[in-house]
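**Student:** Got a structure for you, written out below as structure tokens; questions coming shortly.
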Protein chains: 2
Amino acid sequence: MTTLADTNDMARRPATMKEVAALAGVSIKTVSRVINQEPGVSPELAERVNNAVRLLDYRHNTTASNLRRADQRTATIGLLLDDVANPFSSALHRAIEDVARQHDTLVFAGSSDDDASREEKMALTLASRRVDGLIVVPTSQSRSGLLHIKRLERPIVFVDRPAIFHDADSVTVDNRAGACTAICHMAAYGHRRIAFLGDLGTLWTAAERYLGYVEGLATAGLQLDQRLVHQNLRSIAAAEQATLGLLAEQQPPTALFTGQNLITIGAIHALQSRGLQHRIAVVGFDDFLLADLLDPRVSVIAQQPATLGRVAAELLFARLDGDRASAHHIVVPTQLIPRGSGEIPAP
Amino acid sequence: MTTLADTNDMARRPATMKEVAALAGVSIKTVSRVINQEPGVSPELAERVNNAVRLLDYRHNTTASNLRRADQRTATIGLLLDDVANPFSSALHRAIEDVARQHDTLVFAGSSDDDASREEKMALTLASRRVDGLIVVPTSQSRSGLLHIKRLERPIVFVDRPAIFHDADSVTVDNRAGACTAICHMAAYGHRRIAFLGDLGTLWTAAERYLGYVEGLATAGLQLDQRLVHQNLRSIAAAEQATLGLLAEQQPPTALFTGQNLITIGAIHALQSRGLQHRIAVVGFDDFLLADLLDPRVSVIAQQPATLGRVAAELLFARLDGDRASAHHIVVPTQLIPRGSGEIPAP
DNA sequence: TTGAAAGCGATACCAG
DNA sequence: CTGGTATCGCTTTCAA
């Protein structure tokens with residue numbers, strides 16, 4: 001009777017090394033050696049240990065193991081994203097996961113929703129969990145919260161926006177060059193009135209894209225006309241309204257540069273509702289699934305979120321492997337994908 | 001000199017409770033009480049401890065804490081998805097993250113790529129990490145791998161596909177009813193030749209949708225014609241080819257039911273290339289961003305991944321809170337969203 | 001209200 | 001090659 005109960009209990013609670021050692025008739029240290037594939041255990045003992053492991057369905061307890069380990073590593077990293085469900089973020093996530101897997105490391109991902117206090121809270125939680133390092137898409141107003149990790153001397157890599165600590169690595173997109181390219185591209189098709197529709201100007205990426213727009217106009221020898229600039233567009237609806245406003249002006253633009261996906265979509269909505277989608281050129285920043293299903297197919301400046309994520313993760317693991325060089329700031333180029341909407345010539 | 005070096009060392013290595021205790025001049029247990037907000041510490045001592053905590057920038061070590069804790073909980077759960085970057089998966093992920101946050105629990109997410117051996121390996125890793133529970137979108141051929149978690153007596157909740165253990169909870173979509181609805185919907189617009197374009201027939205969801213298609217035909221009093229059925233479509237290109245094939249037949253379909261996003265897109269590509277997008281009806285399974293930007297706007301059977309994720313997480317935490325009821329099998333309904341393409345009448 | 005001692009599950013170090 | 005003992009950072013138990 002008691003035996004039965006005990007058996008049940010053993011099944012319920014994961015077996016420990018101690019129990020394996022007892023069953024195999026060896027010391028716990030020998031079990032540890034076998035489990036960790038350390039050399040210097042006689043085949044016979046190893047065999048006995050392995051049998052006990054199978055019998056008890058022993059699972060190595062990584063948590064306890066890490067506690068005692070010399071390097072104090074937990075083989076986990078933290079990933080602070082804007083929103084794990086957003087396509088850009090999740091593409092980053094996937095690329096990072098793949099690199100982490102090669103390093104036998106697990107990833108804690110979380111969504112800050114671009115809220116600095118949430119970001120701070122999550123950073124604290126991750127610090128408590130002693131993650132080995134952090135990859136962060138910082139919020140627009142990241143504060144000292146991330147210092148909690150930094151003080152733990154864990155490396156941090158910033159992605160998509162510049163590092164908020166001077167000594168941290170960063171991986172960003174060349175937003176400015178991308179936007180500049182878009183403008184020059186449309187100018188080459190004869191456009192002289194190219195509108196800018198952008199996100200919140202306080203967002204670093206949005207600001208950079210605006211600078212690229214200005215730069216592009218200058219390169220193409222065009223005048224900057226503030227009446228063609230609409231910033232702080234935060235939704236499809238807002239972008240649609242802004243576009244409709246532009247189209248209703250006396251001198252409407254003949255081309256649009258849209259600084260972000262939702263804005264591109266809103267602008268296209270507006271063009272379609274006015275039947276102008278084949279007459280006004282559009283280049284959007286950031287690619288989206290189905291961009292080549294619309295009519296006309298949408299030309300975009302594509303980012304490479306997977307590259308961004310991979311590079312960021314590689315930087316982080318390099319630090320974990322002892323890289324002590326000064327901060328790396330890597331800029332990943334964009335790519336113009338002409339599909340039709342950006343190649344509509346000026347009237 | 002030595003002092004300076006020591007200071008640096010203390011900054012490098014996170015402070016321990018012992019160090020806090022020493023600085024505050026109290027026992028380590030008192031520090032523990034303060035940190036864990038346990039009652040019965042005099043305000044004066046608590047104050048001293050808190051000062052020391054601030055001074056040393058102490059971070060509670062959750063890992064070590066959990067090791068000794070009575071309930072043996074790690075306040076982490078594992079999430080095995082097909083691919084964290086896929087919109088359906090990432091929507092699930094986000095919903096689960098939100099529930100987990102309410103329970104002060106962190107989420108380890110990973111991508112199985114529908115590969116059973118990867119899934120098994122990840123399950124093992126998570127078992128070693130002693131996650132409190134698991135939420136899994138099982139691969140098409142999930143094997144015993146997940147038993148590793150089960151043997152640890154950690155609860156498992158299956159999502160999107162039925163449970164592979166009889167005693168585990170599951171949350172699935174009512175694929176069959178959704179598909180059935182789509183067929184009846186188009187039949188109501190006079191269609192009698194409705195084609196089925198589906199994913200790999202071995203996928204549970206694809207099979208269910210096919211059954212719903214058959215059921216829908218029967219309900220509408222239509223004959224099942226195998227020449228209108230194309231299964232095992234695994235890419236946009238394959239779906240496009242299959243659709244072109246259908247359109248080239250002597251008696252082409254007047255309506256299409258597409259069993260999955262990529263297939264819907266491929267079919268639309270094909271229709272557009274033949275200029276038939278306004279003459280042949282389409283209802284797709286699963287909603288996608290921009291479905292209402294296409295011309296015509298695409299009618300869909302929408303799933304509710306966020307609901308799925310939330311419910312799954314709630315089930316899991318209920319188990320963790322002691323729910324010992326027999327397995328719950330929750331089926332989440334779908335929703336028909338008519339946007340235009342599904343309401344094109346039969347010629 | 002406070003603290004000393006034991007222990008969680010595993011590794012490190014050093015002796016046999 | 002093998003094992004005893006101290007220890008990782010914290011919680012538990014129990015005595016003061």
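Chain labels follow the order of the structure tokens: the first chain is A, the next B, and so on; residue numbering restarts at 1 in every chain, and ligands are counted from 1 in their shown order.
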Would you list which chain B residues are within 12 Å of chain D using only C-alpha atoms (C1' of nucleotides), as a ChimeraX atom specification?
**Tutor:** /B:14-19,28-33,35-36,59-72
**Student:** When you get a sec, could you note down which chain A residues fall within 7 Å of chain B, using only C-alpha atoms, as a PyMOL selection string?
**Tutor:** chain A and resi 11-14+59-64+67+84-85+87+90-91+94+106-109+128-129+151-153+269+293-294
**Student:** Kindly export the residues of the current selection with N, CA and C atoms, as a PDB file, in the first residue's frame.
**Tutor:**
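Saved file result.pdb follows:
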ATOM      1  N   ALA A  11       5.974   9.810  -9.190  1.00  0.00           N
ATOM      2  CA  ALA A  11       5.555  10.208 -10.528  1.00  0.00           C
ATOM      3  C   ALA A  11       5.134  11.665 -10.535  1.00  0.00           C
ATOM      4  N   ARG A  12       4.517  12.087  -9.464  1.00  0.00           N
ATOM      5  CA  ARG A  12       4.000  13.449  -9.416  1.00  0.00           C
ATOM      6  C   ARG A  12       5.099  14.493  -9.327  1.00  0.00           C
ATOM      7  N   ARG A  13       6.071  14.204  -8.470  1.00  0.00           N
ATOM      8  CA  ARG A  13       7.148  15.171  -8.309  1.00  0.00           C
ATOM      9  C   ARG A  13       8.313  14.719  -9.161  1.00  0.00           C
ATOM     10  N   PRO A  14       8.879  15.615  -9.946  1.00  0.00           N
ATOM     11  CA  PRO A  14      10.011  15.218 -10.778  1.00  0.00           C
ATOM     12  C   PRO A  14      11.096  14.598  -9.910  1.00  0.00           C
ATOM     13  N   ARG A  59      14.301  14.447 -15.088  1.00  0.00           N
ATOM     14  CA  ARG A  59      14.511  15.640 -15.935  1.00  0.00           C
ATOM     15  C   ARG A  59      15.470  16.579 -15.230  1.00  0.00           C
ATOM     16  N   HIS A  60      16.536  16.897 -15.890  1.00  0.00           N
ATOM     17  CA  HIS A  60      17.502  17.811 -15.306  1.00  0.00           C
ATOM     18  C   HIS A  60      16.830  19.129 -14.960  1.00  0.00           C
ATOM     19  N   ASN A  61      17.088  19.628 -13.793  1.00  0.00           N
ATOM     20  CA  ASN A  61      16.486  20.896 -13.380  1.00  0.00           C
ATOM     21  C   ASN A  61      17.433  22.050 -13.715  1.00  0.00           C
ATOM     22  N   THR A  62      17.187  22.659 -14.857  1.00  0.00           N
ATOM     23  CA  THR A  62      18.052  23.735 -15.341  1.00  0.00           C
ATOM     24  C   THR A  62      18.131  24.894 -14.352  1.00  0.00           C
ATOM     25  N   THR A  63      17.029  25.158 -13.727  1.00  0.00           N
ATOM     26  CA  THR A  63      16.959  26.271 -12.791  1.00  0.00           C
ATOM     27  C   THR A  63      17.926  26.081 -11.624  1.00  0.00           C
ATOM     28  N   ALA A  64      17.853  24.928 -11.018  1.00  0.00           N
ATOM     29  CA  ALA A  64      18.739  24.659  -9.878  1.00  0.00           C
ATOM     30  C   ALA A  64      20.190  24.621 -10.348  1.00  0.00           C
ATOM     31  N   LEU A  67      21.731  28.001 -10.783  1.00  0.00           N
ATOM     32  CA  LEU A  67      21.959  28.705  -9.517  1.00  0.00           C
ATOM     33  C   LEU A  67      23.390  28.505  -9.034  1.00  0.00           C
ATOM     34  N   VAL A  84       3.988  41.878 -29.465  1.00  0.00           N
ATOM     35  CA  VAL A  84       4.384  40.615 -30.100  1.00  0.00           C
ATOM     36  C   VAL A  84       3.481  40.246 -31.274  1.00  0.00           C
ATOM     37  N   ALA A  85       2.290  40.832 -31.325  1.00  0.00           N
ATOM     38  CA  ALA A  85       1.352  40.461 -32.386  1.00  0.00           C
ATOM     39  C   ALA A  85       1.548  41.287 -33.653  1.00  0.00           C
ATOM     40  N   PRO A  87       3.252  42.557 -36.957  1.00  0.00           N
ATOM     41  CA  PRO A  87       4.072  41.796 -37.910  1.00  0.00           C
ATOM     42  C   PRO A  87       5.560  42.132 -37.863  1.00  0.00           C
ATOM     43  N   SER A  90       6.916  40.608 -34.619  1.00  0.00           N
ATOM     44  CA  SER A  90       6.954  39.152 -34.574  1.00  0.00           C
ATOM     45  C   SER A  90       7.988  38.601 -35.554  1.00  0.00           C
ATOM     46  N   ALA A  91       8.264  39.345 -36.617  1.00  0.00           N
ATOM     47  CA  ALA A  91       9.334  38.923 -37.527  1.00  0.00           C
ATOM     48  C   ALA A  91      10.679  39.044 -36.810  1.00  0.00           C
ATOM     49  N   ARG A  94      10.957  36.157 -34.336  1.00  0.00           N
ATOM     50  CA  ARG A  94      11.284  34.874 -34.929  1.00  0.00           C
ATOM     51  C   ARG A  94      12.765  34.768 -35.262  1.00  0.00           C
ATOM     52  N   LEU A 106      16.693  30.283 -24.204  1.00  0.00           N
ATOM     53  CA  LEU A 106      15.260  30.521 -24.315  1.00  0.00           C
ATOM     54  C   LEU A 106      14.970  32.011 -24.289  1.00  0.00           C
ATOM     55  N   VAL A 107      13.864  32.390 -24.902  1.00  0.00           N
ATOM     56  CA  VAL A 107      13.521  33.811 -25.019  1.00  0.00           C
ATOM     57  C   VAL A 107      12.239  34.147 -24.270  1.00  0.00           C
ATOM     58  N   PHE A 108      12.315  35.123 -23.394  1.00  0.00           N
ATOM     59  CA  PHE A 108      11.125  35.703 -22.774  1.00  0.00           C
ATOM     60  C   PHE A 108      10.736  36.910 -23.601  1.00  0.00           C
ATOM     61  N   ALA A 109       9.585  36.878 -24.269  1.00  0.00           N
ATOM     62  CA  ALA A 109       9.173  38.039 -25.041  1.00  0.00           C
ATOM     63  C   ALA A 109       8.001  38.728 -24.359  1.00  0.00           C
ATOM     64  N   SER A 128      14.951  40.311 -12.368  1.00  0.00           N
ATOM     65  CA  SER A 128      14.757  39.351 -11.275  1.00  0.00           C
ATOM     66  C   SER A 128      14.957  37.927 -11.747  1.00  0.00           C
ATOM     67  N   ARG A 129      14.649  37.729 -12.978  1.00  0.00           N
ATOM     68  CA  ARG A 129      14.798  36.382 -13.529  1.00  0.00           C
ATOM     69  C   ARG A 129      16.230  36.138 -13.977  1.00  0.00           C
ATOM     70  N   ARG A 151      22.505  47.743 -14.657  1.00  0.00           N
ATOM     71  CA  ARG A 151      23.239  47.666 -13.398  1.00  0.00           C
ATOM     72  C   ARG A 151      23.608  46.233 -13.062  1.00  0.00           C
ATOM     73  N   LEU A 152      22.841  45.319 -13.611  1.00  0.00           N
ATOM     74  CA  LEU A 152      23.152  43.910 -13.392  1.00  0.00           C
ATOM     75  C   LEU A 152      24.292  43.490 -14.297  1.00  0.00           C
ATOM     76  N   GLU A 153      24.786  44.467 -15.072  1.00  0.00           N
ATOM     77  CA  GLU A 153      25.885  44.188 -15.990  1.00  0.00           C
ATOM     78  C   GLU A 153      25.501  43.164 -17.043  1.00  0.00           C
ATOM     79  N   HIS A 269      -6.964  53.730 -49.383  1.00  0.00           N
ATOM     80  CA  HIS A 269      -8.413  53.813 -49.205  1.00  0.00           C
ATOM     81  C   HIS A 269      -8.946  55.105 -49.822  1.00  0.00           C
ATOM     82  N   LEU A 293      -1.097  42.487 -54.220  1.00  0.00           N
ATOM     83  CA  LEU A 293      -2.424  42.009 -54.620  1.00  0.00           C
ATOM     84  C   LEU A 293      -3.335  43.177 -54.935  1.00  0.00           C
ATOM     85  N   LEU A 294      -2.948  44.355 -54.454  1.00  0.00           N
ATOM     86  CA  LEU A 294      -3.801  45.518 -54.667  1.00  0.00           C
ATOM     87  C   LEU A 294      -3.680  45.977 -56.114  1.00  0.00           C
TER      88      LEU A 294
END
**Student:** List every residue of region 97-326 of chain B that DSSP, applied to the backbone of this structure, places in helix (DSSP H, G or I), and write the result as a VMD selection string.
**Tutor:** chain B and resid 97 to 102 116 to 128 144 to 151 175 to 187 204 to 219 226 to 228 236 to 247 261 to 274 305 to 320
**Student:** For Val311 (chain A), list every protein, DNA or RNA residue within 9 Å, evaluated using only C-alpha atoms (C1' of nucleotides), and leave out those in the same chain fewer than 3 positions away; present the list as a ChimeraX atom specification.
**Tutor:** /A:95-96,171,306-308,314-316,330
**Student:** Go through chain C residue by residue and, counting only C-alpha atoms (C1' of nucleotides), keep those with an atom at most 8 Å from chain B; for each kept residue give the shortest atom pair and its distance in Å to one decimal, ordered by chain and increasing number, as JSON lines.
**Tutor:**
{"residue": "C:DT1", "atom": "C1'", "partner": "B:Gly40", "partner_atom": "CA", "distance": 6.2}
{"residue": "C:DT2", "atom": "C1'", "partner": "B:Thr30", "partner_atom": "CA", "distance": 7.3}
{"residue": "C:DG3", "atom": "C1'", "partner": "B:Ser27", "partner_atom": "CA", "distance": 6.0}
{"residue": "C:DG7", "atom": "C1'", "partner": "B:Arg68", "partner_atom": "CA", "distance": 7.9}
{"residue": "C:DC8", "atom": "C1'", "partner": "B:Arg68", "partner_atom": "CA", "distance": 4.2}
{"residue": "C:DG9", "atom": "C1'", "partner": "B:Leu67", "partner_atom": "CA", "distance": 7.7}
**Student:** Extract, using only C-alpha atoms (C1' of nucleotides), all DNA, RNA and protein residues at most 8 Å from Ile280 (chain B), discarding same-chain residues fewer than 6 positions from it, and format them as a list in words.
**Tutor:**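 Everything that qualifies: Pro253, Thr254, Ala255, Leu256, Leu271, Ser341, Ile344 and Ala346 of chain B.
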**Student:** Residues of region 118-298 of chain A in strand (DSSP E) according to DSSP, as an MDAnalysis selection string?
**Tutor:** chainID A and resid 133:136 156:159 169:173 194:197 229:230 255:258 281:285
**Student:** Would you pick out the contacts of region 241-250 of chain A at 6 Å or less, using only C-alpha atoms (C1' of nucleotides), so that residues sharing its chain but fewer than 2 positions from it are not included, and give the list as a list in words?
**Tutor:**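 The filter keeps Ala238, Ala239, Pro252, Ala267 and Ala270 of chain A.
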**Student:** Can you tell me how far CA of Ala325 (chain B) sits from CA of Thr139 (chain B), in Å to one decimal?
**Tutor:**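 Answer for the CA of Ala325 (chain B) to CA of Thr139 (chain B) separation: 26.0 Å.
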**Student:** Quick one: everything within 10 Å of Asn50 (chain A), counting only C-alpha atoms (C1' of nucleotides), minus sequence neighbours fewer than 5 positions away in the same chain. Send it as a list in words.
**Tutor:** Val20, Ala24, Val31, Val34, Ile35, Glu44, Leu45, Leu55, Leu56 and Tyr58 of chain A
